[in-house]
Structures are given as C-alpha cells and as structure tokens.
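Colleague: Have a peek at data07.txt (compact mmCIF, N, CA and C atoms and all ligand atoms).
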```
# COMPACT_ATOMS: atom_id res chain seq x y z
N MET A 736 33.50 -17.22 13.03
CA MET A 736 33.66 -15.79 12.79
C MET A 736 34.54 -15.15 13.86
N GLU A 737 34.23 -15.47 15.12
CA GLU A 737 35.02 -14.91 16.21
C GLU A 737 36.48 -15.35 16.13
N THR A 738 36.65 -16.61 15.80
CA THR A 738 38.00 -17.16 15.69
C THR A 738 38.77 -16.40 14.63
N LYS A 739 38.09 -16.14 13.55
CA LYS A 739 38.74 -15.47 12.43
C LYS A 739 39.17 -14.05 12.83
N ASN A 740 38.31 -13.35 13.55
CA ASN A 740 38.66 -12.00 13.99
C ASN A 740 39.84 -12.02 14.95
N PHE A 741 39.81 -12.98 15.85
CA PHE A 741 40.88 -13.11 16.83
C PHE A 741 42.20 -13.36 16.10
N TYR A 742 42.15 -14.23 15.14
CA TYR A 742 43.32 -14.57 14.33
C TYR A 742 43.89 -13.33 13.66
N ASN A 743 43.04 -12.54 13.02
CA ASN A 743 43.50 -11.34 12.34
C ASN A 743 44.04 -10.29 13.30
N GLU A 744 43.34 -10.11 14.41
CA GLU A 744 43.78 -9.12 15.40
C GLU A 744 45.13 -9.50 15.97
N MET A 745 45.27 -10.78 16.25
CA MET A 745 46.52 -11.25 16.83
C MET A 745 47.69 -11.05 15.86
N LEU A 746 47.45 -11.36 14.60
CA LEU A 746 48.52 -11.19 13.61
C LEU A 746 48.88 -9.72 13.46
N THR A 747 47.88 -8.87 13.41
CA THR A 747 48.11 -7.43 13.28
C THR A 747 48.90 -6.91 14.46
N GLU A 748 48.49 -7.31 15.65
CA GLU A 748 49.14 -6.86 16.87
C GLU A 748 50.63 -7.25 16.90
N HIS A 749 50.89 -8.48 16.54
CA HIS A 749 52.29 -8.95 16.58
C HIS A 749 53.13 -8.34 15.46
N ASN A 750 52.49 -7.91 14.39
CA ASN A 750 53.25 -7.26 13.32
C ASN A 750 53.52 -5.80 13.61
N MET A 751 52.53 -5.14 14.23
CA MET A 751 52.69 -3.73 14.55
C MET A 751 53.62 -3.55 15.75
N HIS A 752 53.49 -4.44 16.71
CA HIS A 752 54.27 -4.31 17.96
C HIS A 752 54.96 -5.62 18.31
N PRO A 753 55.87 -6.05 17.47
CA PRO A 753 56.56 -7.31 17.81
C PRO A 753 57.43 -7.12 19.04
N GLU A 754 57.40 -8.10 19.93
CA GLU A 754 58.16 -7.98 21.17
C GLU A 754 59.60 -8.44 20.99
N TYR A 755 59.79 -9.34 20.06
CA TYR A 755 61.11 -9.99 19.97
C TYR A 755 61.82 -9.75 18.65
N LYS A 756 61.32 -8.79 17.87
CA LYS A 756 61.94 -8.53 16.58
C LYS A 756 63.00 -7.45 16.74
N HIS A 757 64.20 -7.89 17.03
CA HIS A 757 65.33 -6.97 17.21
C HIS A 757 66.61 -7.78 17.19
N ALA A 758 67.72 -7.10 17.06
CA ALA A 758 69.01 -7.80 17.09
C ALA A 758 69.30 -8.26 18.51
N LEU A 759 70.08 -9.31 18.62
CA LEU A 759 70.44 -9.83 19.94
C LEU A 759 71.95 -10.03 19.99
N GLU A 760 72.60 -9.24 20.83
CA GLU A 760 74.05 -9.33 20.96
C GLU A 760 74.45 -10.63 21.65
N ASP A 761 75.61 -11.13 21.29
CA ASP A 761 76.20 -12.29 21.97
C ASP A 761 75.29 -13.52 21.96
N SER A 762 74.61 -13.75 20.86
CA SER A 762 73.76 -14.94 20.77
C SER A 762 74.64 -16.18 20.75
N ASP A 763 74.13 -17.25 21.30
CA ASP A 763 74.85 -18.52 21.26
C ASP A 763 74.52 -19.29 19.98
N ILE A 764 73.32 -19.11 19.51
CA ILE A 764 72.89 -19.80 18.30
C ILE A 764 72.24 -18.79 17.36
N VAL A 765 72.69 -18.76 16.12
CA VAL A 765 72.08 -17.90 15.11
C VAL A 765 71.79 -18.78 13.90
N LEU A 766 70.56 -18.76 13.43
CA LEU A 766 70.23 -19.59 12.28
C LEU A 766 69.23 -18.87 11.37
N ASP A 767 69.53 -18.91 10.08
CA ASP A 767 68.63 -18.32 9.10
C ASP A 767 67.56 -19.33 8.69
N GLY A 768 66.35 -18.83 8.54
CA GLY A 768 65.26 -19.68 8.04
C GLY A 768 64.64 -19.00 6.83
N VAL A 769 64.33 -19.78 5.82
CA VAL A 769 63.77 -19.22 4.60
C VAL A 769 62.56 -20.03 4.16
N ASN A 770 61.54 -19.32 3.73
CA ASN A 770 60.38 -19.97 3.13
C ASN A 770 60.25 -19.44 1.71
N PRO A 771 60.89 -20.10 0.74
CA PRO A 771 60.95 -19.57 -0.62
C PRO A 771 59.57 -19.43 -1.28
N SER A 772 58.62 -20.25 -0.87
CA SER A 772 57.33 -20.22 -1.55
C SER A 772 56.59 -18.90 -1.32
N CYS A 773 56.97 -18.18 -0.25
CA CYS A 773 56.31 -16.90 0.03
C CYS A 773 57.32 -15.75 0.04
N GLY A 774 58.61 -16.09 0.19
CA GLY A 774 59.64 -15.06 0.27
C GLY A 774 59.90 -14.60 1.69
N ASP A 775 59.51 -15.40 2.66
CA ASP A 775 59.76 -15.04 4.07
C ASP A 775 61.17 -15.42 4.48
N GLU A 776 61.78 -14.53 5.24
CA GLU A 776 63.12 -14.80 5.77
C GLU A 776 63.18 -14.39 7.23
N ILE A 777 63.84 -15.21 8.02
CA ILE A 777 64.09 -14.81 9.41
C ILE A 777 65.52 -15.18 9.78
N LYS A 778 66.06 -14.45 10.73
CA LYS A 778 67.31 -14.83 11.37
C LYS A 778 66.98 -14.98 12.83
N LEU A 779 67.05 -16.21 13.30
CA LEU A 779 66.67 -16.52 14.68
C LEU A 779 67.93 -16.51 15.56
N CYS A 780 67.88 -15.76 16.65
CA CYS A 780 69.02 -15.65 17.57
C CYS A 780 68.59 -16.14 18.95
N LEU A 781 69.38 -17.04 19.51
CA LEU A 781 69.04 -17.59 20.83
C LEU A 781 70.24 -17.53 21.75
N LYS A 782 69.97 -17.32 23.02
CA LYS A 782 71.00 -17.48 24.04
C LYS A 782 70.59 -18.68 24.88
N VAL A 783 71.56 -19.55 25.10
CA VAL A 783 71.26 -20.73 25.91
C VAL A 783 72.27 -20.84 27.04
N SER A 784 71.79 -21.36 28.15
CA SER A 784 72.66 -21.60 29.29
C SER A 784 72.32 -22.99 29.79
N GLY A 785 73.27 -23.91 29.68
CA GLY A 785 72.96 -25.30 30.00
C GLY A 785 71.89 -25.78 29.04
N ASP A 786 70.77 -26.28 29.56
CA ASP A 786 69.72 -26.73 28.65
C ASP A 786 68.52 -25.78 28.64
N VAL A 787 68.76 -24.53 29.07
CA VAL A 787 67.67 -23.55 29.11
C VAL A 787 67.89 -22.43 28.10
N ILE A 788 66.82 -22.06 27.41
CA ILE A 788 66.87 -20.92 26.48
C ILE A 788 66.65 -19.67 27.32
N THR A 789 67.71 -18.87 27.48
CA THR A 789 67.60 -17.73 28.39
C THR A 789 67.12 -16.46 27.70
N ASP A 790 67.34 -16.37 26.38
CA ASP A 790 66.86 -15.19 25.67
C ASP A 790 66.76 -15.54 24.18
N GLY A 791 66.01 -14.72 23.46
CA GLY A 791 65.88 -14.98 22.04
C GLY A 791 65.29 -13.77 21.33
N ALA A 792 65.57 -13.67 20.04
CA ALA A 792 65.05 -12.58 19.23
C ALA A 792 65.14 -13.00 17.77
N PHE A 793 64.55 -12.19 16.90
CA PHE A 793 64.69 -12.47 15.47
C PHE A 793 64.65 -11.17 14.69
N VAL A 794 65.25 -11.21 13.53
CA VAL A 794 65.07 -10.14 12.56
C VAL A 794 64.59 -10.84 11.29
N GLY A 795 63.86 -10.12 10.48
CA GLY A 795 63.37 -10.80 9.29
C GLY A 795 62.49 -9.91 8.45
N ASP A 796 62.04 -10.53 7.40
CA ASP A 796 61.23 -9.83 6.42
C ASP A 796 60.28 -10.87 5.84
N GLY A 797 59.03 -10.50 5.72
CA GLY A 797 58.12 -11.48 5.16
C GLY A 797 56.68 -11.13 5.48
N CYS A 798 55.80 -12.06 5.21
CA CYS A 798 54.37 -11.82 5.39
C CYS A 798 54.00 -11.79 6.87
N ALA A 799 52.81 -11.30 7.13
CA ALA A 799 52.33 -11.16 8.50
C ALA A 799 52.34 -12.48 9.26
N VAL A 800 51.94 -13.55 8.60
CA VAL A 800 51.85 -14.84 9.29
C VAL A 800 53.23 -15.32 9.76
N SER A 801 54.22 -15.23 8.88
CA SER A 801 55.55 -15.72 9.24
C SER A 801 56.17 -14.91 10.37
N GLN A 802 56.03 -13.60 10.31
CA GLN A 802 56.66 -12.75 11.31
C GLN A 802 55.92 -12.82 12.64
N ALA A 803 54.60 -12.84 12.59
CA ALA A 803 53.82 -12.93 13.84
C ALA A 803 54.02 -14.28 14.50
N SER A 804 54.05 -15.33 13.72
CA SER A 804 54.22 -16.67 14.29
C SER A 804 55.56 -16.79 15.01
N THR A 805 56.61 -16.20 14.44
CA THR A 805 57.93 -16.25 15.06
C THR A 805 57.96 -15.43 16.35
N ASP A 806 57.30 -14.29 16.33
CA ASP A 806 57.23 -13.44 17.52
C ASP A 806 56.51 -14.17 18.66
N ILE A 807 55.39 -14.80 18.33
CA ILE A 807 54.62 -15.55 19.33
C ILE A 807 55.47 -16.70 19.88
N MET A 808 56.14 -17.38 18.98
CA MET A 808 56.97 -18.52 19.37
C MET A 808 58.02 -18.11 20.40
N LEU A 809 58.72 -17.01 20.15
CA LEU A 809 59.78 -16.58 21.06
C LEU A 809 59.20 -16.28 22.44
N GLY A 810 58.02 -15.69 22.48
CA GLY A 810 57.38 -15.42 23.76
C GLY A 810 57.09 -16.70 24.54
N MET A 811 56.90 -17.79 23.83
CA MET A 811 56.58 -19.07 24.47
C MET A 811 57.81 -19.86 24.90
N ILE A 812 58.92 -19.68 24.20
CA ILE A 812 60.06 -20.58 24.47
C ILE A 812 61.16 -19.97 25.35
N ILE A 813 61.19 -18.65 25.47
CA ILE A 813 62.23 -18.03 26.30
C ILE A 813 62.00 -18.41 27.76
N GLY A 814 63.05 -18.89 28.40
CA GLY A 814 62.94 -19.34 29.78
C GLY A 814 62.62 -20.81 29.91
N LYS A 815 62.36 -21.45 28.76
CA LYS A 815 62.02 -22.88 28.79
C LYS A 815 63.27 -23.73 28.52
N LYS A 816 63.17 -24.99 28.91
CA LYS A 816 64.23 -25.94 28.57
C LYS A 816 64.16 -26.23 27.08
N LYS A 817 65.33 -26.53 26.52
CA LYS A 817 65.37 -26.83 25.10
C LYS A 817 64.42 -27.98 24.74
N ASP A 818 64.39 -29.01 25.56
CA ASP A 818 63.53 -30.15 25.27
C ASP A 818 62.06 -29.75 25.25
N ASP A 819 61.68 -28.85 26.17
CA ASP A 819 60.29 -28.40 26.22
C ASP A 819 59.96 -27.57 25.00
N ALA A 820 60.92 -26.74 24.57
CA ALA A 820 60.71 -25.92 23.37
C ALA A 820 60.57 -26.81 22.14
N LEU A 821 61.37 -27.86 22.08
CA LEU A 821 61.28 -28.78 20.95
C LEU A 821 59.94 -29.52 20.96
N ALA A 822 59.47 -29.85 22.15
CA ALA A 822 58.17 -30.53 22.25
C ALA A 822 57.05 -29.60 21.78
N MET A 823 57.17 -28.30 22.12
CA MET A 823 56.17 -27.32 21.65
C MET A 823 56.21 -27.21 20.14
N ALA A 824 57.43 -27.17 19.59
CA ALA A 824 57.58 -27.06 18.14
C ALA A 824 56.93 -28.26 17.46
N ASP A 825 57.12 -29.42 18.06
CA ASP A 825 56.54 -30.65 17.51
C ASP A 825 55.01 -30.57 17.52
N LYS A 826 54.47 -30.09 18.63
CA LYS A 826 53.01 -29.94 18.73
C LYS A 826 52.48 -28.95 17.71
N PHE A 827 53.20 -27.83 17.59
CA PHE A 827 52.77 -26.79 16.65
C PHE A 827 52.75 -27.34 15.22
N MET A 828 53.81 -28.06 14.87
CA MET A 828 53.87 -28.62 13.52
C MET A 828 52.73 -29.60 13.28
N ARG A 829 52.43 -30.40 14.32
CA ARG A 829 51.32 -31.34 14.16
C ARG A 829 49.98 -30.62 14.07
N MET A 830 49.85 -29.52 14.82
CA MET A 830 48.61 -28.74 14.74
C MET A 830 48.40 -28.22 13.33
N ILE A 831 49.48 -27.69 12.74
CA ILE A 831 49.37 -27.12 11.40
C ILE A 831 49.02 -28.22 10.38
N ARG A 832 49.50 -29.43 10.65
CA ARG A 832 49.16 -30.53 9.74
C ARG A 832 47.79 -31.14 10.08
N GLY A 833 47.14 -30.58 11.11
CA GLY A 833 45.82 -31.10 11.48
C GLY A 833 45.89 -32.40 12.25
N LYS A 834 47.02 -32.68 12.90
CA LYS A 834 47.19 -33.96 13.58
C LYS A 834 47.24 -33.85 15.11
N ALA A 835 47.14 -32.65 15.65
CA ALA A 835 47.24 -32.49 17.10
C ALA A 835 45.87 -32.70 17.75
N THR A 836 45.87 -33.16 19.00
CA THR A 836 44.62 -33.32 19.74
C THR A 836 44.17 -31.95 20.26
N GLY A 837 42.90 -31.86 20.67
CA GLY A 837 42.36 -30.61 21.21
C GLY A 837 43.17 -30.14 22.40
N GLU A 838 43.57 -31.08 23.23
CA GLU A 838 44.34 -30.74 24.43
C GLU A 838 45.71 -30.16 24.05
N GLU A 839 46.32 -30.75 23.05
CA GLU A 839 47.62 -30.26 22.61
C GLU A 839 47.49 -28.85 22.03
N ILE A 840 46.44 -28.63 21.25
CA ILE A 840 46.23 -27.32 20.66
C ILE A 840 46.03 -26.28 21.76
N GLU A 841 45.26 -26.66 22.79
CA GLU A 841 45.02 -25.74 23.89
C GLU A 841 46.31 -25.38 24.61
N SER A 842 47.20 -26.34 24.74
CA SER A 842 48.45 -26.10 25.46
C SER A 842 49.38 -25.16 24.69
N LEU A 843 49.08 -24.92 23.44
CA LEU A 843 49.91 -24.00 22.67
C LEU A 843 49.50 -22.54 22.87
N GLU A 844 48.52 -22.33 23.74
CA GLU A 844 48.11 -20.98 24.11
C GLU A 844 47.94 -20.05 22.91
N GLU A 845 48.71 -18.94 22.89
CA GLU A 845 48.48 -17.95 21.84
C GLU A 845 48.76 -18.52 20.44
N ALA A 846 49.73 -19.39 20.34
CA ALA A 846 50.07 -19.95 19.04
C ALA A 846 48.92 -20.77 18.46
N SER A 847 48.00 -21.21 19.34
CA SER A 847 46.88 -22.01 18.84
C SER A 847 45.97 -21.19 17.94
N ALA A 848 46.07 -19.87 18.02
CA ALA A 848 45.27 -19.02 17.13
C ALA A 848 45.65 -19.24 15.67
N LEU A 849 46.82 -19.82 15.46
CA LEU A 849 47.26 -20.07 14.09
C LEU A 849 46.73 -21.40 13.55
N ARG A 850 45.92 -22.09 14.35
CA ARG A 850 45.40 -23.38 13.91
C ARG A 850 44.67 -23.29 12.58
N ASP A 851 44.05 -22.16 12.32
CA ASP A 851 43.26 -22.02 11.09
C ASP A 851 44.10 -22.05 9.83
N VAL A 852 45.39 -21.76 9.94
CA VAL A 852 46.20 -21.80 8.73
C VAL A 852 46.37 -23.23 8.22
N ALA A 853 46.01 -24.19 9.08
CA ALA A 853 46.04 -25.58 8.63
C ALA A 853 45.15 -25.76 7.40
N HIS A 854 44.15 -24.90 7.30
CA HIS A 854 43.23 -25.00 6.16
C HIS A 854 43.69 -24.17 4.97
N MET A 855 44.81 -23.50 5.12
CA MET A 855 45.34 -22.65 4.04
C MET A 855 46.76 -23.11 3.73
N PRO A 856 46.90 -24.08 2.86
CA PRO A 856 48.22 -24.68 2.62
C PRO A 856 49.31 -23.67 2.28
N ALA A 857 48.98 -22.62 1.55
CA ALA A 857 50.00 -21.64 1.18
C ALA A 857 50.52 -20.89 2.40
N ARG A 858 49.66 -20.76 3.41
CA ARG A 858 50.05 -20.03 4.63
C ARG A 858 50.73 -20.94 5.65
N ALA A 859 50.51 -22.22 5.54
CA ALA A 859 51.04 -23.14 6.54
C ALA A 859 52.56 -23.04 6.63
N LYS A 860 53.23 -22.96 5.50
CA LYS A 860 54.69 -22.86 5.51
C LYS A 860 55.16 -21.57 6.17
N CYS A 861 54.36 -20.52 6.02
CA CYS A 861 54.69 -19.24 6.66
C CYS A 861 54.62 -19.40 8.18
N ALA A 862 53.56 -20.04 8.66
CA ALA A 862 53.38 -20.21 10.10
C ALA A 862 54.45 -21.12 10.68
N LEU A 863 54.92 -22.07 9.88
CA LEU A 863 55.89 -23.05 10.37
C LEU A 863 57.32 -22.55 10.38
N LEU A 864 57.61 -21.49 9.62
CA LEU A 864 58.99 -21.06 9.42
C LEU A 864 59.78 -20.89 10.73
N GLY A 865 59.23 -20.14 11.67
CA GLY A 865 59.93 -19.89 12.93
C GLY A 865 60.18 -21.17 13.71
N TRP A 866 59.16 -22.00 13.79
CA TRP A 866 59.24 -23.24 14.58
C TRP A 866 60.20 -24.23 13.93
N ARG A 867 60.17 -24.28 12.61
CA ARG A 867 61.07 -25.17 11.88
C ARG A 867 62.52 -24.74 12.11
N THR A 868 62.75 -23.44 12.05
CA THR A 868 64.09 -22.90 12.27
C THR A 868 64.55 -23.17 13.70
N LEU A 869 63.62 -23.05 14.63
CA LEU A 869 63.93 -23.32 16.04
C LEU A 869 64.38 -24.77 16.23
N SER A 870 63.62 -25.69 15.67
CA SER A 870 63.95 -27.11 15.81
C SER A 870 65.33 -27.40 15.27
N GLU A 871 65.59 -26.81 14.11
CA GLU A 871 66.90 -27.02 13.50
C GLU A 871 67.99 -26.42 14.40
N ALA A 872 67.72 -25.23 14.92
CA ALA A 872 68.71 -24.53 15.76
C ALA A 872 69.01 -25.34 17.02
N LEU A 873 68.01 -25.95 17.59
CA LEU A 873 68.21 -26.67 18.85
C LEU A 873 68.67 -28.09 18.65
N GLY A 874 68.23 -28.68 17.57
CA GLY A 874 68.50 -30.10 17.41
C GLY A 874 69.70 -30.41 16.54
N ALA A 875 69.92 -29.61 15.52
CA ALA A 875 70.87 -30.05 14.51
C ALA A 875 71.99 -29.06 14.23
N ASP A 876 72.17 -28.09 15.12
CA ASP A 876 73.22 -27.12 14.85
C ASP A 876 74.55 -27.55 15.48
N PRO A 877 75.50 -27.99 14.67
CA PRO A 877 76.75 -28.48 15.24
C PRO A 877 77.59 -27.35 15.83
N ASN A 878 77.29 -26.11 15.51
CA ASN A 878 78.07 -24.99 16.03
C ASN A 878 77.51 -24.42 17.33
N ALA A 879 76.42 -25.01 17.79
CA ALA A 879 75.79 -24.48 19.00
C ALA A 879 76.74 -24.63 20.18
N LYS A 880 76.90 -23.54 20.91
CA LYS A 880 77.73 -23.57 22.12
C LYS A 880 76.84 -24.03 23.25
N ILE A 881 77.20 -25.08 23.89
CA ILE A 881 76.38 -25.56 25.02
C ILE A 881 77.08 -25.20 26.32
ZN ZN B 901 54.65 -15.95 4.16
```
Step by step, read the file and then write its structure as structure tokens.
Modeller:
Amino acid sequence: METKNFYNEMLTEHNMHPEYKHALEDSDIVLDGVNPSCGDEIKLCLKVSGDVITDGAFVGDGCAVSQASTDIMLGMIIGKKKDDALAMADKFMRMIRGKATGEEIESLEEASALRDVAHMPARAKCALLGWRTLSEALGADPNAKI
C-alpha cells in the first residue's frame, strides 16, 4: 500500500513540476522516442563533453508514467559518464522486466519507484520510453558529436 502511494505521489510530482521538461539550446544529441502502444512521444536532448553528459532535457507529450520516468531519468544521468548512464539504463530495463537483483533496484534510487510497472505490461513500455531513447542516443547515434 505504501509503495503504491509513493509511486502515485512521485508520478504526480514529476508531472506537475518536471525539472527537465524544456527545450535545450545547442544540444549535441537530439533523438525522438515514440511509444505507439500508448501514444507517448518524447524528444530527448543531451549535451555531451568528452564522455560525460553535461546537460539534458526533454519535451514531449504522453501519459504520466512516460513523462515522469523521463524526468527522473534525466535527474539521474546528468553529470554522469555515458557508460555509467548506459549501465543505469540497462539496470532499469532489467528491473522493468523483473530481472534485476534487489541491490540493482536499490541503486536506481528514485527510478526504483517504477518497479511496480513491471506488473503492468501496458505501462512498462511507457516507463521504458525515456531509457530506451537514451540508450539509442548514446549507443547508436551516428550523428552524435563527440
Ligand atoms: Zn504511456
């Protein structure tokens, strides 16, 4: 019960007062992410310097889970090395699939509140949208300026 309340409060808070939902000038990487099954869309913008993500933001439209998850994600990855951000994304994806260890879930801090969506398949794709877009942006974007 407590977990459920925390989950709802956290989603509401990040939707009402998102910290990173705004345009970002001079981004080094811009990538659109879409979750057609729910109609969620995000445009993820990152600034990178060497192998460090120095700033990030997103604009988008979609359900509370997709937008809140992306906002939480940006708070966790800004200032981190790209490799560390990718490792977090990997952990998050495994958590949503129910494959992460307790220790891994704990290390995801605020994002771990989304662990419950693992039990809601329709919501899982919403929670994954930001992280999936991030992985693609960092790993597979041939236009990324390094
Ligand atoms: Zn959604």
Colleague: For ligand ZN 901 (chain B), list the contacting residues at 6 Å or closer, counting only C-alpha atoms and all ligand atoms, as a list of chain:residue names.
Modeller: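 Counting only C-alpha atoms and all ligand atoms, the residues within 6 Å of ligand ZN 901 (chain B) come out as A:Cys773, A:Asp775, A:Gly797, A:Cys798, A:Val800, A:Ser801, A:Cys861.
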Colleague: Given the selection you just returned, output its residues as a file containing N, CA and C atoms, formatted as a PDB file, in the frame of the given file.
Modeller:
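Output file selection.pdb follows:
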```pdb
ATOM      1  N   CYS A 773      56.970 -18.180  -0.250  1.00  0.00           N
ATOM      2  CA  CYS A 773      56.310 -16.900   0.030  1.00  0.00           C
ATOM      3  C   CYS A 773      57.320 -15.750   0.040  1.00  0.00           C
ATOM      4  N   ASP A 775      59.510 -15.400   2.660  1.00  0.00           N
ATOM      5  CA  ASP A 775      59.760 -15.040   4.070  1.00  0.00           C
ATOM      6  C   ASP A 775      61.170 -15.420   4.480  1.00  0.00           C
ATOM      7  N   GLY A 797      59.030 -10.500   5.720  1.00  0.00           N
ATOM      8  CA  GLY A 797      58.120 -11.480   5.160  1.00  0.00           C
ATOM      9  C   GLY A 797      56.680 -11.130   5.480  1.00  0.00           C
ATOM     10  N   CYS A 798      55.800 -12.060   5.210  1.00  0.00           N
ATOM     11  CA  CYS A 798      54.370 -11.820   5.390  1.00  0.00           C
ATOM     12  C   CYS A 798      54.000 -11.790   6.870  1.00  0.00           C
ATOM     13  N   VAL A 800      51.940 -13.550   8.600  1.00  0.00           N
ATOM     14  CA  VAL A 800      51.850 -14.840   9.290  1.00  0.00           C
ATOM     15  C   VAL A 800      53.230 -15.320   9.760  1.00  0.00           C
ATOM     16  N   SER A 801      54.220 -15.230   8.880  1.00  0.00           N
ATOM     17  CA  SER A 801      55.550 -15.720   9.240  1.00  0.00           C
ATOM     18  C   SER A 801      56.170 -14.910  10.370  1.00  0.00           C
ATOM     19  N   CYS A 861      54.360 -20.520   6.020  1.00  0.00           N
ATOM     20  CA  CYS A 861      54.690 -19.240   6.660  1.00  0.00           C
ATOM     21  C   CYS A 861      54.620 -19.400   8.180  1.00  0.00           C
TER      22      CYS A 861
END
```
Colleague: Identify the residues within 6 Å of coordinate (60.9, -12.0, 11.9) (same frame as the file), considering only C-alpha atoms, and give the answer as a PyMOL selection string.
Modeller: chain A and resi 756+777+793-796+802
Colleague: Return the single residue from A:Val787, A:Ala835, A:Ala862, A:Met830 that is closest to Lys816 of chain A, with distances computed using all atoms listed in the file.
Modeller: A:Val787
Colleague: Work out how far apart atom CA of Ser772 of chain A and atom CA of Glu841 of chain A are and give it in Å to one decimal.
Modeller: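 Interatomic distance here is 28.8 Å.
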Colleague: Using all atoms listed in the file, find the one residue out of A:Ile831, A:Leu843, A:Ala758, A:Leu821 that sits nearest to Leu873 of chain A.
Modeller: A:Leu821
Colleague: Which residue out of A:Lys834, A:Tyr742, A:Thr868, A:Lys860 has the minimum interatomic distance to Asp767 of chain A when only N, CA and C atoms are used?
Modeller: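 With only N, CA and C atoms as the atom set, the closest residue is A:Thr868.
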Colleague: Check the smallest atom-to-atom distance from each of A:Lys815, A:His854, A:Arg829, A:His752 to Asp790 of chain A using all atoms listed in the file, then report the winner.
Modeller: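 Ranking A:Lys815, A:His854, A:Arg829, A:His752 by distance to Asp790 of chain A, first place goes to A:Lys815.
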Colleague: I'd like to know which of A:Ala803, A:Leu746, A:Ala792, A:Leu863 is closest to Phe827 of chain A, using only N, CA and C atoms.
Modeller: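 When distances to Phe827 of chain A are compared using only N, CA and C atoms, the smallest one comes from A:Leu863.
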Colleague: Which one of A:Thr836, A:Asn750, A:Thr805, A:Asn743 sits closest to Trp866 of chain A if you count only N, CA and C atoms?
Modeller: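 Residue with the minimum atom-to-atom distance to Trp866 of chain A: A:Thr805.
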Colleague: May I ask for the distance between atom N of Ile812 of chain A and atom C of Asn770 of chain A, given in Å to one decimal place?
Modeller: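 About the pair atom N of Ile812 of chain A and atom C of Asn770 of chain A: they are 22.5 Å apart.
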Colleague: Can you pull out every residue from segment 777-864 of chain A that DSSP, working from the backbone, puts in strand (DSSP E or B), and format the result as a ChimeraX atom specification?
Modeller: /A:777-784,787-796,816
Colleague: Residues near Val765 of chain A, anyone? I mean within 7 Å using all atoms listed in the file, not counting same-chain ones fewer than 2 positions away, as a ChimeraX atom specification.
Modeller: /A:762-763,767,778-781,872
Colleague: Just to confirm, what's the straight-line distance from atom N of Ala846 of chain A to atom N of Asp761 of chain A in Å (one decimal)?
Modeller: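 Computing it gives 27.2 Å between the two atoms.
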Colleague: Among segment 787-845 of chain A, which ones does DSSP place in helix (DSSP H, G or I), written as a ChimeraX atom specification?
Modeller: /A:799-812,817-831,837-842,844-845
